[in-house]
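Have a look at run.cif; it's mmCIF, C-alpha atoms:
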data_query
loop_
_atom_site.group_PDB
_atom_site.id
_atom_site.type_symbol
_atom_site.label_atom_id
_atom_site.label_comp_id
_atom_site.auth_asym_id
_atom_site.auth_seq_id
_atom_site.Cartn_x
_atom_site.Cartn_y
_atom_site.Cartn_z
ATOM 1 C CA MET A 1 -36.275 34.547 -183.830
ATOM 2 C CA ALA A 2 -34.832 31.880 -186.215
ATOM 3 C CA LEU A 3 -34.299 29.547 -183.290
ATOM 4 C CA SER A 4 -37.883 29.788 -182.156
ATOM 5 C CA ILE A 5 -39.289 29.006 -185.638
ATOM 6 C CA SER A 6 -36.991 26.005 -186.084
ATOM 7 C CA SER A 7 -37.965 24.636 -182.681
ATOM 8 C CA LEU A 8 -41.673 24.939 -183.568
ATOM 9 C CA THR A 9 -41.232 23.099 -186.877
ATOM 10 C CA SER A 10 -39.384 20.284 -185.167
ATOM 11 C CA SER A 11 -42.115 19.938 -182.538
ATOM 12 C CA PHE A 12 -44.828 19.753 -185.247
ATOM 13 C CA SER A 13 -42.922 17.130 -187.203
ATOM 14 C CA SER A 14 -42.678 14.936 -184.105
ATOM 15 C CA LEU A 15 -46.485 14.843 -183.804
ATOM 16 C CA SER A 16 -48.308 12.039 -185.617
ATOM 17 C CA PHE A 17 -52.003 11.977 -186.379
ATOM 18 C CA SER A 18 -53.855 8.700 -186.688
ATOM 19 C CA SER A 19 -56.681 8.706 -189.192
ATOM 20 C CA GLN A 20 -57.833 5.188 -188.475
ATOM 21 C CA ILE A 21 -61.351 4.992 -187.129
ATOM 22 C CA SER A 22 -62.573 1.787 -185.681
ATOM 23 C CA GLN A 23 -65.270 0.338 -187.869
ATOM 24 C CA GLN A 24 -66.597 -1.916 -185.189
ATOM 25 C CA PRO A 25 -69.777 -0.598 -183.681
ATOM 26 C CA ASN A 26 -69.967 -0.094 -179.985
ATOM 27 C CA THR A 27 -71.975 -2.985 -178.681
ATOM 28 C CA SER A 28 -72.275 -1.674 -175.185
ATOM 29 C CA LEU A 29 -75.324 0.416 -176.079
ATOM 30 C CA SER A 30 -78.456 -1.374 -177.179
ATOM 31 C CA PHE A 31 -81.793 0.101 -178.090
ATOM 32 C CA LYS A 32 -84.863 -2.097 -177.892
ATOM 33 C CA GLN A 33 -87.554 -1.229 -180.340
ATOM 34 C CA SER A 34 -90.817 -1.018 -178.562
ATOM 35 C CA LYS A 35 -93.879 -2.688 -179.853
ATOM 36 C CA SER A 36 -96.549 -0.823 -181.751
ATOM 37 C CA ILE A 37 -97.822 2.136 -179.819
ATOM 38 C CA SER A 38 -101.335 3.263 -180.564
ATOM 39 C CA ILE A 39 -102.110 6.900 -179.859
ATOM 40 C CA ALA A 40 -105.821 7.380 -179.565
ATOM 41 C CA PRO A 41 -107.365 10.839 -179.339
ATOM 42 C CA ILE A 42 -108.620 11.630 -175.860
ATOM 43 C CA PHE A 43 -112.044 13.213 -175.714
ATOM 44 C CA LYS A 44 -113.506 14.568 -172.484
ATOM 45 C CA THR A 45 -117.152 13.744 -172.153
ATOM 46 C CA PRO A 46 -119.119 16.823 -171.109
ATOM 47 C CA LYS A 47 -120.679 16.631 -167.681
ATOM 48 C CA LEU A 48 -124.353 17.358 -167.405
ATOM 49 C CA VAL A 49 -124.953 19.805 -164.563
ATOM 50 C CA VAL A 50 -128.499 20.197 -163.327
ATOM 51 C CA SER A 51 -129.163 23.140 -161.035
ATOM 52 C CA ALA A 52 -132.442 23.735 -159.285
ATOM 53 C CA THR A 53 -133.355 26.916 -157.469
ATOM 54 C CA VAL A 54 -135.444 26.585 -154.365
ATOM 55 C CA ALA A 55 -137.501 29.574 -153.303
ATOM 56 C CA SER A 56 -136.663 30.919 -149.874
ATOM 57 C CA PRO A 57 -139.339 30.920 -147.157
ATOM 58 C CA ALA A 58 -139.649 34.726 -147.427
ATOM 59 C CA GLU A 59 -140.333 34.511 -151.176
ATOM 60 C CA ARG A 60 -142.907 31.766 -150.670
ATOM 61 C CA GLU A 61 -144.613 33.800 -147.971
ATOM 62 C CA THR A 62 -144.697 36.886 -150.228
ATOM 63 C CA THR A 63 -146.201 34.828 -153.051
ATOM 64 C CA ASN A 64 -148.849 33.407 -150.736
ATOM 65 C CA LEU A 65 -149.708 36.866 -149.370
ATOM 66 C CA LYS A 66 -149.973 38.222 -152.908
ATOM 67 C CA LYS A 67 -152.492 35.514 -153.799
ATOM 68 C CA TYR A 68 -154.330 36.164 -150.526
ATOM 69 C CA VAL A 69 -154.584 39.924 -151.171
ATOM 70 C CA LYS A 70 -155.813 39.386 -154.728
ATOM 71 C CA SER A 71 -158.465 37.007 -153.460
ATOM 72 C CA ARG A 72 -159.580 39.545 -150.864
ATOM 73 C CA LEU A 73 -159.548 42.475 -153.293
ATOM 74 C CA PRO A 74 -161.196 41.373 -156.541
ATOM 75 C CA GLY A 75 -160.633 43.977 -159.214
ATOM 76 C CA GLY A 76 -157.640 45.515 -157.425
ATOM 77 C CA PHE A 77 -157.330 48.476 -155.106
ATOM 78 C CA ALA A 78 -159.204 50.909 -157.340
ATOM 79 C CA ALA A 79 -162.340 48.751 -157.385
ATOM 80 C CA GLN A 80 -162.811 48.869 -153.596
ATOM 81 C CA THR A 81 -165.242 51.152 -151.771
ATOM 82 C CA ILE A 82 -163.474 51.844 -148.464
ATOM 83 C CA ILE A 83 -160.252 53.371 -149.733
ATOM 84 C CA GLY A 84 -158.083 56.302 -148.686
ATOM 85 C CA THR A 85 -154.903 57.932 -149.974
ATOM 86 C CA GLY A 86 -152.286 59.362 -147.644
ATOM 87 C CA ARG A 87 -149.130 61.360 -148.372
ATOM 88 C CA ARG A 88 -146.119 62.405 -146.327
ATOM 89 C CA LYS A 89 -142.920 63.947 -147.704
ATOM 90 C CA CYS A 90 -142.310 61.926 -150.914
ATOM 91 C CA ALA A 91 -144.291 58.863 -149.781
ATOM 92 C CA ILE A 92 -147.731 57.938 -151.145
ATOM 93 C CA ALA A 93 -149.898 55.188 -149.665
ATOM 94 C CA ARG A 94 -153.185 53.775 -150.962
ATOM 95 C CA VAL A 95 -155.127 52.080 -148.190
ATOM 96 C CA VAL A 96 -158.090 49.694 -148.403
ATOM 97 C CA LEU A 97 -160.115 48.642 -145.350
ATOM 98 C CA GLN A 98 -162.080 45.428 -145.106
ATOM 99 C CA GLU A 99 -163.811 43.795 -142.194
ATOM 100 C CA GLY A 100 -161.449 41.364 -140.513
ATOM 101 C CA ASN A 101 -159.373 40.787 -137.409
ATOM 102 C CA GLY A 102 -156.825 43.618 -137.565
ATOM 103 C CA GLN A 103 -154.313 42.214 -140.064
ATOM 104 C CA VAL A 104 -152.113 44.815 -141.803
ATOM 105 C CA ILE A 105 -150.416 43.949 -145.121
ATOM 106 C CA ILE A 106 -148.115 46.466 -146.818
ATOM 107 C CA ASN A 107 -146.886 45.758 -150.356
ATOM 108 C CA TYR A 108 -147.824 42.081 -149.974
ATOM 109 C CA ARG A 109 -145.763 41.751 -146.780
ATOM 110 C CA ASP A 110 -146.686 41.716 -143.131
ATOM 111 C CA ALA A 111 -146.560 45.195 -141.586
ATOM 112 C CA LYS A 112 -144.160 44.188 -138.812
ATOM 113 C CA GLU A 113 -141.738 42.688 -141.319
ATOM 114 C CA TYR A 114 -142.073 45.555 -143.798
ATOM 115 C CA LEU A 115 -141.487 48.234 -141.154
ATOM 116 C CA GLN A 116 -138.581 46.232 -139.671
ATOM 117 C CA GLY A 117 -140.334 45.865 -136.330
ATOM 118 C CA ASN A 118 -139.946 49.563 -135.496
ATOM 119 C CA PRO A 119 -142.464 50.263 -132.684
ATOM 120 C CA LEU A 120 -142.859 53.953 -133.570
ATOM 121 C CA TRP A 121 -143.717 53.262 -137.222
ATOM 122 C CA LEU A 122 -146.116 50.487 -136.211
ATOM 123 C CA GLN A 123 -147.781 52.886 -133.778
ATOM 124 C CA TYR A 124 -148.378 55.410 -136.596
ATOM 125 C CA ILE A 125 -150.465 52.792 -138.388
ATOM 126 C CA LYS A 126 -152.462 51.719 -135.354
ATOM 127 C CA VAL A 127 -153.366 55.161 -133.991
ATOM 128 C CA PRO A 128 -156.432 55.843 -136.246
ATOM 129 C CA LEU A 129 -157.911 52.400 -135.594
ATOM 130 C CA VAL A 130 -157.182 52.530 -131.847
ATOM 131 C CA THR A 131 -158.768 55.994 -131.607
ATOM 132 C CA LEU A 132 -162.089 54.587 -132.847
ATOM 133 C CA GLY A 133 -161.719 51.184 -131.185
ATOM 134 C CA TYR A 134 -161.409 49.310 -134.508
ATOM 135 C CA GLU A 135 -157.955 47.760 -133.959
ATOM 136 C CA SER A 136 -159.381 44.239 -134.313
ATOM 137 C CA SER A 137 -162.346 45.003 -136.599
ATOM 138 C CA TYR A 138 -160.715 45.817 -139.949
ATOM 139 C CA ASP A 139 -157.990 44.343 -142.122
ATOM 140 C CA VAL A 140 -155.740 46.924 -143.751
ATOM 141 C CA PHE A 141 -154.255 46.446 -147.242
ATOM 142 C CA VAL A 142 -151.685 49.005 -148.372
ATOM 143 C CA LYS A 143 -149.754 49.863 -151.506
ATOM 144 C CA ALA A 144 -146.976 52.314 -150.634
ATOM 145 C CA HIS A 145 -144.139 53.786 -152.657
ATOM 146 C CA GLY A 146 -141.722 56.685 -152.509
ATOM 147 C CA GLY A 147 -139.818 58.148 -149.596
ATOM 148 C CA GLY A 148 -138.571 56.111 -146.668
ATOM 149 C CA LEU A 149 -140.256 53.811 -144.214
ATOM 150 C CA SER A 150 -140.965 56.617 -141.738
ATOM 151 C CA GLY A 151 -142.708 58.724 -144.374
ATOM 152 C CA GLN A 152 -144.625 55.717 -145.660
ATOM 153 C CA ALA A 153 -145.821 54.847 -142.142
ATOM 154 C CA GLN A 154 -147.197 58.355 -141.620
ATOM 155 C CA ALA A 155 -148.751 58.330 -145.086
ATOM 156 C CA ILE A 156 -150.484 55.033 -144.219
ATOM 157 C CA SER A 157 -151.821 56.611 -141.015
ATOM 158 C CA LEU A 158 -153.433 59.436 -142.983
ATOM 159 C CA GLY A 159 -154.760 56.965 -145.569
ATOM 160 C CA ILE A 160 -156.401 54.840 -142.856
ATOM 161 C CA ALA A 161 -157.974 57.910 -141.260
ATOM 162 C CA ARG A 162 -159.411 59.024 -144.607
ATOM 163 C CA ALA A 163 -160.686 55.517 -145.345
ATOM 164 C CA LEU A 164 -162.459 55.458 -141.975
ATOM 165 C CA LEU A 165 -164.430 58.529 -143.080
ATOM 166 C CA LYS A 166 -165.857 56.377 -145.897
ATOM 167 C CA VAL A 167 -167.169 53.993 -143.242
ATOM 168 C CA SER A 168 -169.014 56.725 -141.371
ATOM 169 C CA GLU A 169 -168.898 60.500 -141.329
ATOM 170 C CA ASP A 170 -169.348 60.343 -137.546
ATOM 171 C CA HIS A 171 -165.691 59.363 -137.277
ATOM 172 C CA ARG A 172 -164.562 62.832 -138.311
ATOM 173 C CA PRO A 173 -164.711 64.619 -134.882
ATOM 174 C CA PRO A 174 -162.560 62.125 -132.930
ATOM 175 C CA LEU A 175 -160.069 61.795 -135.797
ATOM 176 C CA ARG A 176 -159.913 65.557 -136.220
ATOM 177 C CA LYS A 177 -159.376 65.996 -132.475
ATOM 178 C CA GLU A 178 -156.319 63.712 -132.607
ATOM 179 C CA GLY A 179 -154.981 65.570 -135.670
ATOM 180 C CA LEU A 180 -155.117 62.463 -137.832
ATOM 181 C CA LEU A 181 -156.874 64.129 -140.781
ATOM 182 C CA THR A 182 -154.288 66.873 -141.265
ATOM 183 C CA ARG A 183 -151.829 66.347 -144.058
ATOM 184 C CA ASP A 184 -148.351 67.086 -142.668
ATOM 185 C CA SER A 185 -146.882 69.441 -145.260
ATOM 186 C CA ARG A 186 -143.406 69.659 -143.744
ATOM 187 C CA VAL A 187 -140.633 68.632 -146.112
ATOM 188 C CA VAL A 188 -136.860 68.913 -146.048
ATOM 189 C CA GLU A 189 -135.697 72.465 -146.700
ATOM 190 C CA ARG A 190 -133.603 72.821 -149.833
ATOM 191 C CA LYS A 191 -129.853 73.293 -149.716
ATOM 192 C CA LYS A 192 -128.537 76.803 -150.407
ATOM 193 C CA ALA A 193 -125.490 77.781 -152.461
ATOM 194 C CA GLY A 194 -122.441 78.450 -150.339
ATOM 195 C CA LEU A 195 -123.805 76.477 -147.388
ATOM 196 C CA LYS A 196 -123.233 72.897 -146.325
ATOM 197 C CA LYS A 197 -126.947 72.161 -145.925
ATOM 198 C CA ALA A 198 -130.117 74.247 -145.767
ATOM 199 C CA ARG A 199 -128.733 76.516 -143.047
ATOM 200 C CA LYS A 200 -125.410 75.018 -141.947
ATOM 201 C CA ALA A 201 -122.532 77.285 -142.972
ATOM 202 C CA PRO A 202 -118.897 76.271 -143.460
ATOM 203 C CA GLN A 203 -116.641 76.586 -140.431
ATOM 204 C CA PHE A 204 -115.422 80.143 -139.919
ATOM 205 C CA SER A 205 -111.659 80.645 -139.839
ATOM 206 C CA LYS A 206 -110.304 83.993 -138.698
ATOM 207 C CA ARG A 207 -106.851 83.392 -140.123
#

Using structure tokens, write down the structure from this file.
Amino acid sequence: MALSISSLTSSFSSLSFSSQISQQPNTSLSFKQSKSISIAPIFKTPKLVVSATVASPAERETTNLKKYVKSRLPGGFAAQTIIGTGRRKCAIARVVLQEGNGQVIINYRDAKEYLQGNPLWLQYIKVPLVTLGYESSYDVFVKAHGGGLSGQAQAISLGIARALLKVSEDHRPPLRKEGLLTRDSRVVERKKAGLKKARKAPQFSKR
């Protein structure tokens, strides 16, 4: 143990530490001072965005038809003389007849467009006029709401038939013969508790 300590002391004594630090600056590195730098605040100028909405052809056509109907019906639907109200399911239609060339306008839209070109629904509307031979003698103006398009078409048919009675009471026999003056009272049967629909029961399982 004594030998190891003496050897360590001799090794430390042989070491020499130099405390001299070169005072000469290192000239290999050079920093160039840049000229005056001006930092200006950057402001983003707001962009002016102008947006213009252009009405679609369908909207323009609806607007034009609305003006046309109001010009043809001064005072509105209630002020007209040849008027009829039809109902079917939940649909209600107020119909006004005026002498014209057979044009049909429903809720300020052409009948073919409003009824989606369905031939059956369009036939419902034409039947009362065709029965009396007036398909090209009267213009039909309709305000309909409630229900679906099928119910509204049948309600319009009843409204036209009732309006034709205001034209002449002689129209009653042929319209009555075709069943066009009868209000169809059939509605959807209500759903019952414990059943899927009005009468449809859940599937029976024996086990």

Matched chain/residue IDs from the PyMOL selection byres ((chain A and resi 100) around 6), as a PyMOL selection string
chain A and resi 99+101-102+137-139

Name the residues captured by the PyMOL selection byres ((chain A and resi 65-81) around 8) when it is applied to the shown file; answer as a PyMOL selection string.
chain A and resi 61-64+82-83+94+96+108-109+141+166

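Near His145 in chain A, within 9 Å and counting only C-alpha atoms, sit Cys90, Ala91, Ile92, Ala93, Asn107 and Gln152 of chain A; same-chain residues fewer than 6 positions away were not included.
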
Straight-line distance linking CA of Tyr134 in chain A with CA of Leu97 in chain A, stated in Å to one decimal:
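Computed distance, CA of Tyr134 in chain A to CA of Leu97 in chain A, equals 10.9 Å.
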
Please measure the separation of CA of Gly86 in chain A and CA of Arg190 in chain A, giving the value in Å to one decimal.
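Going from CA of Gly86 in chain A over to CA of Arg190 in chain A, I get 23.1 Å.
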
For Ala153 in chain A, which of A:Lys112, A:Lys191, A:Lys206, A:Lys200 is the closest residue, counting all atoms listed in the file?
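When distances to Ala153 in chain A are compared using all atoms listed in the file, the smallest one comes from A:Lys112.
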
Can you tell me, as a PDB file with C-alpha atoms, keeping the file's coordinate frame, what residues are no more than 10 Å from Leu132 in chain A when counting all atoms listed in the file, ignoring any on the same chain fewer than 5 positions away?
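For reference, part.pdb as written:
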ATOM      1  CA  VAL A 127    -153.366  55.161-133.991  1.00  0.00           C
ATOM      2  CA  ALA A 161    -157.974  57.910-141.260  1.00  0.00           C
ATOM      3  CA  LEU A 164    -162.459  55.458-141.975  1.00  0.00           C
ATOM      4  CA  HIS A 171    -165.691  59.363-137.277  1.00  0.00           C
ATOM      5  CA  PRO A 174    -162.560  62.125-132.930  1.00  0.00           C
ATOM      6  CA  LEU A 175    -160.069  61.795-135.797  1.00  0.00           C
TER       7      LEU A 175
END

Could you spell out the hits of the PyMOL selection byres ((chain A and resi 155-157) around 9) on the shown file, as a PyMOL selection string?
chain A and resi 84-89+91-95+124-128+142-144+150-154+158-162+180+183

Å distance separating CA of Arg172 in chain A from CA of Val140 in chain A, one decimal place:
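Rounded to one decimal, the two atoms are 19.0 Å apart.
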
With all atoms listed in the file as the atoms that count, which of A:Leu149, A:Leu181, A:Val167, A:Ala198 lies nearest to Leu115 in chain A?
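Counting all atoms listed in the file, the residue closest to Leu115 in chain A is A:Leu149.
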
Return the single residue from A:Asp110, A:Thr131, A:Val104, A:Ala193 that is closest to Gly179 in chain A, with distances computed using all atoms listed in the file.
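Using all atoms listed in the file, Gly179 in chain A sits closest to A:Thr131.
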
Of A:Ala58, A:Gly133, A:Leu165, A:Glu189, the one nearest to Tyr114 in chain A when counting only C-alpha atoms is A:Ala58

Test item: axis-aligned box, all listed atoms of range 86-89 of chain A, 4 Å on each side, centre and edges in Å rounded to one decimal, as AutoDock Vina command-line options:
--center_x -147.6 --center_y 61.7 --center_z -147.3 --size_x 17.4 --size_y 12.6 --size_z 10.0
